[in-house]
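What's in target.cif: mmCIF, C-alpha atoms and all ligand atoms
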data_start
loop_
_atom_site.label_atom_id
_atom_site.label_comp_id
_atom_site.auth_asym_id
_atom_site.auth_seq_id
_atom_site.Cartn_x
_atom_site.Cartn_y
_atom_site.Cartn_z
CA MET A 1 2.25 -5.92 -14.85
CA PHE A 2 2.26 -3.35 -17.66
CA ALA A 3 -0.42 -5.30 -19.54
CA ILE A 4 -2.77 -5.36 -16.56
CA LEU A 5 -2.49 -1.63 -16.05
CA SER A 6 -3.14 -0.95 -19.73
CA ARG A 7 -6.30 -3.04 -19.73
CA GLN A 8 -7.72 -1.28 -16.72
CA ILE A 9 -7.11 2.23 -17.91
CA LYS A 10 -9.31 1.61 -20.95
CA GLU A 11 -12.35 1.33 -18.66
CA PRO A 12 -12.96 5.08 -18.27
CA ASN A 13 -13.49 5.44 -22.02
CA ASP A 14 -16.21 2.78 -22.04
CA LYS A 15 -19.42 4.70 -21.35
CA ASN A 16 -21.29 1.55 -20.37
CA MET A 17 -18.79 0.60 -17.72
CA THR A 18 -18.52 2.23 -14.32
CA THR A 19 -15.06 2.40 -12.86
CA SER A 20 -13.69 3.53 -9.58
CA PHE A 21 -10.61 5.08 -11.23
CA TYR A 22 -10.34 8.71 -12.37
CA THR A 23 -10.16 9.30 -16.10
CA GLU A 24 -7.01 10.83 -17.56
CA LYS A 25 -8.82 14.15 -17.94
CA GLU A 26 -10.02 14.10 -14.34
CA LEU A 27 -6.49 13.34 -13.17
CA THR A 28 -5.23 16.55 -14.78
CA GLN A 29 -8.02 18.45 -12.99
CA ILE A 30 -6.94 17.26 -9.53
CA GLY A 31 -3.99 19.65 -9.91
CA PHE A 32 -0.94 17.47 -9.33
CA LYS A 33 2.42 19.18 -9.97
CA GLU A 34 3.13 16.40 -12.47
CA VAL A 35 1.29 13.24 -13.39
CA GLY A 36 2.56 10.62 -15.84
CA LYS A 37 0.94 8.13 -18.19
CA ASN A 38 -1.00 4.99 -17.34
CA VAL A 39 -1.89 6.19 -13.85
CA LEU A 40 -4.86 4.63 -12.07
CA ILE A 41 -6.13 6.48 -9.03
CA SER A 42 -9.24 5.42 -7.15
CA ARG A 43 -12.01 7.96 -6.81
CA TYR A 44 -12.03 6.97 -3.13
CA ALA A 45 -8.46 8.15 -2.53
CA GLN A 46 -8.01 11.62 -1.02
CA PHE A 47 -5.26 14.15 -1.82
CA TYR A 48 -4.37 17.18 0.30
CA GLY A 49 -1.93 19.57 -1.37
CA ALA A 50 -1.89 17.87 -4.77
CA SER A 51 0.08 20.81 -6.21
CA ASP A 52 3.11 19.50 -4.25
CA MET A 53 2.79 15.96 -5.60
CA ILE A 54 4.66 14.35 -8.49
CA ILE A 55 3.41 11.03 -9.86
CA GLY A 56 5.35 9.03 -12.45
CA ASN A 57 4.13 6.49 -15.01
CA ASN A 58 2.34 3.19 -14.37
CA VAL A 59 1.22 4.04 -10.86
CA ARG A 60 -1.88 2.67 -9.12
CA ILE A 61 -3.39 4.09 -5.93
CA ASP A 62 -6.31 2.12 -4.49
CA ASP A 63 -9.39 2.92 -2.43
CA PHE A 64 -9.32 4.81 0.87
CA CYS A 65 -5.75 6.09 0.67
CA ILE A 66 -4.86 9.51 2.09
CA LEU A 67 -1.90 11.37 0.60
CA SER A 68 -0.95 14.77 1.94
CA GLY A 69 1.97 17.17 1.56
CA LYS A 70 5.14 16.78 -0.47
CA ILE A 71 5.00 13.41 -2.16
CA LYS A 72 7.07 12.18 -5.09
CA LEU A 73 6.24 8.82 -6.66
CA GLY A 74 8.38 7.27 -9.37
CA SER A 75 7.09 4.71 -11.87
CA TYR A 76 5.64 1.19 -11.48
CA ILE A 77 4.34 1.86 -7.99
CA HIS A 78 1.33 0.29 -6.30
CA ILE A 79 -0.16 1.87 -3.19
CA SER A 80 -2.75 -0.59 -1.88
CA ALA A 81 -5.98 0.21 -0.06
CA TYR A 82 -6.05 2.11 3.25
CA ASN A 83 -2.54 3.56 3.07
CA ALA A 84 -1.83 6.95 4.64
CA LEU A 85 1.16 9.04 3.49
CA TYR A 86 1.71 12.16 5.60
CA GLY A 87 4.24 14.11 3.57
CA LYS A 88 4.68 17.38 5.52
CA PHE A 89 8.49 16.88 5.44
CA GLY A 90 8.48 14.90 2.21
CA ILE A 91 7.95 11.31 1.11
CA GLU A 92 9.65 9.83 -1.93
CA MET A 93 9.01 6.38 -3.39
CA GLU A 94 11.34 5.33 -6.17
CA ASP A 95 10.50 3.06 -9.14
CA TYR A 96 9.19 -0.48 -8.54
CA THR A 97 8.25 0.10 -4.91
CA GLY A 98 4.98 -0.76 -3.22
CA LEU A 99 2.92 -0.45 -0.08
CA SER A 100 0.69 -3.37 0.97
CA PRO A 101 -2.66 -2.49 2.57
CA ARG A 102 -2.91 -0.30 5.68
CA CYS A 103 0.61 1.12 5.93
CA THR A 104 1.13 4.55 7.50
CA LEU A 105 4.09 6.78 6.63
CA PHE A 106 4.67 9.71 8.99
CA SER A 107 7.23 12.25 7.76
CA ALA A 108 6.20 14.45 10.71
CA THR A 109 5.28 13.67 14.29
CA ASP A 110 4.10 15.51 17.37
CA ASP A 111 6.20 15.49 20.53
CA PHE A 112 5.00 12.65 22.79
CA SER A 113 7.31 13.55 25.74
CA GLY A 114 4.63 15.33 27.71
CA GLU A 115 6.32 18.72 27.37
CA TYR A 116 3.96 19.89 24.61
CA LEU A 117 0.35 19.64 23.60
CA ILE A 118 -0.47 17.48 20.62
CA GLY A 119 -2.58 17.83 17.51
CA PRO A 120 -3.69 20.20 14.77
CA THR A 121 -6.44 21.79 16.89
CA ILE A 122 -3.80 23.31 19.23
CA ASP A 123 -2.03 26.63 18.57
CA SER A 124 1.40 25.71 17.11
CA LYS A 125 3.21 27.68 19.86
CA TYR A 126 2.17 24.92 22.30
CA THR A 127 3.14 21.98 20.08
CA ASN A 128 6.48 20.63 18.83
CA VAL A 129 6.08 18.98 15.46
CA THR A 130 9.34 17.62 14.06
CA GLY A 131 10.16 15.39 11.14
CA GLY A 132 12.21 14.57 8.08
CA LYS A 133 11.84 13.05 4.68
CA ILE A 134 11.01 9.37 4.19
CA ILE A 135 12.70 7.77 1.19
CA ILE A 136 11.84 4.31 -0.14
CA LYS A 137 14.41 3.30 -2.71
CA LYS A 138 13.93 1.10 -5.79
CA TYR A 139 12.46 -2.44 -5.57
CA SER A 140 11.38 -2.12 -1.94
CA GLN A 141 8.06 -3.35 -0.59
CA LEU A 142 6.38 -2.84 2.77
CA GLY A 143 4.11 -5.61 4.08
CA SER A 144 0.65 -4.90 5.37
CA ASN A 145 0.18 -2.59 8.37
CA CYS A 146 3.73 -1.24 8.56
CA VAL A 147 4.36 2.09 10.26
CA VAL A 148 7.26 4.27 9.09
CA LEU A 149 8.46 7.09 11.35
CA PRO A 150 10.08 10.35 10.14
CA GLU A 151 13.50 10.72 8.54
CA VAL A 152 13.89 7.09 7.53
CA THR A 153 15.55 5.85 4.36
CA ILE A 154 14.71 2.35 3.19
CA GLU A 155 17.52 1.38 0.86
CA GLU A 156 17.20 -0.46 -2.46
CA GLY A 157 15.65 -3.93 -2.57
CA VAL A 158 14.23 -4.09 0.96
CA ALA A 159 11.13 -6.09 1.94
CA VAL A 160 9.49 -5.53 5.31
CA GLY A 161 7.21 -8.05 7.01
CA ALA A 162 3.63 -7.32 7.99
CA MET A 163 2.98 -5.28 11.17
CA SER A 164 6.51 -3.86 11.42
CA LEU A 165 7.66 -0.53 12.88
CA ILE A 166 10.35 1.13 10.77
CA ASN A 167 12.01 3.77 12.91
CA LYS A 168 15.58 3.57 11.54
CA ASN A 169 17.22 3.37 8.13
CA LEU A 170 17.19 -0.11 6.59
CA SER A 171 20.15 -1.36 4.53
CA GLY A 172 19.66 -2.72 1.02
CA TRP A 173 18.56 -6.19 -0.09
CA GLY A 174 17.36 -7.38 3.29
CA ILE A 175 14.07 -8.75 4.62
CA TYR A 176 13.16 -7.06 7.89
CA LYS A 177 10.37 -7.64 10.40
CA GLY A 178 9.17 -6.75 13.88
CA ILE A 179 8.80 -3.85 16.28
CA PRO A 180 11.22 -2.23 15.72
CA ALA A 181 12.07 -3.81 12.36
CA LYS A 182 15.23 -5.93 12.47
CA LEU A 183 16.98 -7.95 9.81
CA HIS A 184 15.20 -11.29 9.23
CA SER A 185 17.30 -12.53 6.29
CA LYS A 186 19.07 -11.46 3.13
CA ARG A 187 16.82 -10.78 0.13
CA SER A 188 17.51 -12.18 -3.31
CA ASN A 189 18.12 -9.68 -6.10
CA LYS A 190 17.08 -12.06 -8.87
CA LEU A 191 14.12 -9.78 -9.60
CA LEU A 192 16.58 -7.51 -11.38
CA ASN A 193 16.99 -10.19 -14.07
CA LEU A 194 13.22 -10.11 -14.68
CA LEU A 195 13.40 -6.38 -15.35
CA ILE A 196 16.32 -6.77 -17.77
CA ASN A 197 14.39 -9.43 -19.72
CA GLU A 198 11.09 -7.55 -19.80
CA TYR A 199 12.04 -3.92 -20.49
C1 LIG A 201 0.59 -6.03 -2.33
C2 LIG A 201 0.58 -7.33 -1.55
O1 LIG A 201 1.34 -8.21 -1.77
S1 LIG A 201 -0.61 -7.48 -0.34
C3 LIG A 201 0.02 -8.79 0.74
C4 LIG A 201 1.13 -8.24 1.61
N1 LIG A 201 1.87 -9.31 2.24
C5 LIG A 201 2.36 -9.18 3.47
O2 LIG A 201 2.17 -8.19 4.16
C6 LIG A 201 3.18 -10.35 3.97
C7 LIG A 201 4.60 -9.93 4.32
N2 LIG A 201 5.36 -11.12 4.70
C8 LIG A 201 5.72 -11.41 5.97
O3 LIG A 201 5.41 -10.69 6.93
C9 LIG A 201 6.55 -12.69 6.12
O4 LIG A 201 6.12 -13.36 7.29
C10 LIG A 201 8.08 -12.43 6.11
C11 LIG A 201 8.49 -12.04 4.70
C12 LIG A 201 8.48 -11.32 7.10
C13 LIG A 201 8.85 -13.68 6.59
O5 LIG A 201 8.51 -14.77 5.80
P1 LIG A 201 9.38 -16.14 5.95
O6 LIG A 201 10.81 -15.87 5.64
O7 LIG A 201 8.68 -17.19 5.17
O8 LIG A 201 9.35 -16.41 7.51
P2 LIG A 201 8.54 -17.50 8.35
O9 LIG A 201 7.08 -17.50 8.04
O10 LIG A 201 9.30 -18.80 8.21
O11 LIG A 201 8.72 -16.94 9.83
C14 LIG A 201 9.97 -16.98 10.51
C15 LIG A 201 9.74 -16.44 11.91
O12 LIG A 201 9.42 -15.04 11.85
C16 LIG A 201 8.12 -14.80 12.41
N3 LIG A 201 7.48 -13.77 11.58
C17 LIG A 201 7.10 -13.91 10.30
N4 LIG A 201 6.60 -12.75 9.85
C18 LIG A 201 6.68 -11.87 10.86
C19 LIG A 201 6.31 -10.50 10.98
N5 LIG A 201 5.77 -9.83 9.97
N6 LIG A 201 6.56 -9.90 12.16
C20 LIG A 201 7.11 -10.58 13.20
N7 LIG A 201 7.47 -11.88 13.13
C21 LIG A 201 7.25 -12.52 11.97
C22 LIG A 201 7.42 -16.14 12.36
O13 LIG A 201 6.41 -16.23 13.33
C23 LIG A 201 8.57 -17.07 12.63
O14 LIG A 201 8.89 -17.05 14.01
P3 LIG A 201 9.37 -18.40 14.79
O15 LIG A 201 10.65 -18.81 14.11
O16 LIG A 201 9.54 -17.93 16.21
O17 LIG A 201 8.27 -19.38 14.60
#
Would you mind writing the structure in this file as structure tokens?
Ligand SMILES: CC(=O)SCCNC(=O)CCNC(=O)[C@H](O)C(C)(C)COP(=O)(O)OP(=O)(O)OC[C@H]1O[C@@H](n2cnc3c(N)ncnc32)[C@H](O)[C@@H]1OP(=O)(O)O
Amino acid sequence: MFAILSRQIKEPNDKNMTTSFYTEKELTQIGFKEVGKNVLISRYAQFYGASDMIIGNNVRIDDFCILSGKIKLGSYIHISAYNALYGKFGIEMEDYTGLSPRCTLFSATDDFSGEYLIGPTIDSKYTNVTGGKIIIKKYSQLGSNCVVLPEVTIEEGVAVGAMSLINKNLSGWGIYKGIPAKLHSKRSNKLLNLLINEY
């Protein structure tokens, strides 16, 4: 994985080659709180409130992602195309985690009960936005089209099947799926051996 990232980040220095990733210099100009080495971010990704965002090393963020608010990404993270991370109350992804295409992470939500109005165009005295931090711990991966609701912790080594709704904490080293996501099976932790051998 490291080798692939290294090869791609050389593209911006090649004047004859167009690339959809920001150069290292451009990345510093976006204004992140911190940004590490070997980071590939698509020019088609959008950041709102970059000064609240920390990005580690060896991170790739693909086309058409939206990241807003307080977001902390560790290292060796891949955020695939069309992901949306709404970090008003904080989103943290630890090392070796990933989001398959089209996931949505909501750290905040409007009140759907009918007692309040909804949306950013309404004066906040008529809305009830609540939320809490989303934490995705090491070695966890969400399948395509997952939705994560506020104040959820996904423990270490979790994989979640495509099209799942994650509205509660998930315990470590399990494979989960469904709406709401329930345990499908245990997950092997043999991947840890690969990391010991490689790094
Ligand atoms: C960065 C990237 O990799 S991009 C590609 C991202 N990849 C994905 O999003 C795929 C994620 N993988 C899945 O969703 C898989 O189906 C898994 C991991 C949840 C389950 O895989 P397996 O253990 O092989 O399960 P299997 O295919 O045998 O299905 C078992 C049962 O669960 C059902 N099932 C499988 N996946 C899901 C799902 N996501 N949601 C609901 N039900 C599911 C199957 O229909 C089957 O039901 P049945 O017993 O009634 O027939």
| query | Do you know which residues are within 7 Å of ligand LIG 201 (chain A) using all atoms listed in the file? Can you write them as a list in words? | reply | Ser80, Gly98, Leu99, Ser100, Pro101, Leu142, Gly143, Ser144, Val160, Gly161, Ala162, Met163, Ser164, Ile175, Tyr176, Lys177 and Gly178 of chain A
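Nearest to Gly90 (chain A) of all the residues A:Asn58, A:Thr23, A:Ser42, A:Thr153 is A:Thr153, based on all atoms listed in the file.
Going from CA of Ser185 (chain A) over to CA of Trp173 (chain A), you cover 9.1 Å.
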| message | Restricting the calculation to all atoms listed in the file: of A:Ile30, A:Met53, A:Val39, A:Cys103, which residue gets closest to Lys88 (chain A)? | response | A:Met53
| field | Near-Ile135 (chain A) list (9 Å; only C-alpha atoms; drop same-chain fewer than 5 positions) as a list in words | value | Gly90, Ile91, Glu92, Met93, Glu94, Glu151, Val152, Thr153, Ile154 and Glu155 of chain A
| remark: One residue among A:Ile54, A:Leu170, A:Leu27, A:Ile134 is nearest to Gly87 (chain A) when using only C-alpha atoms, and that residue is A:Ile134
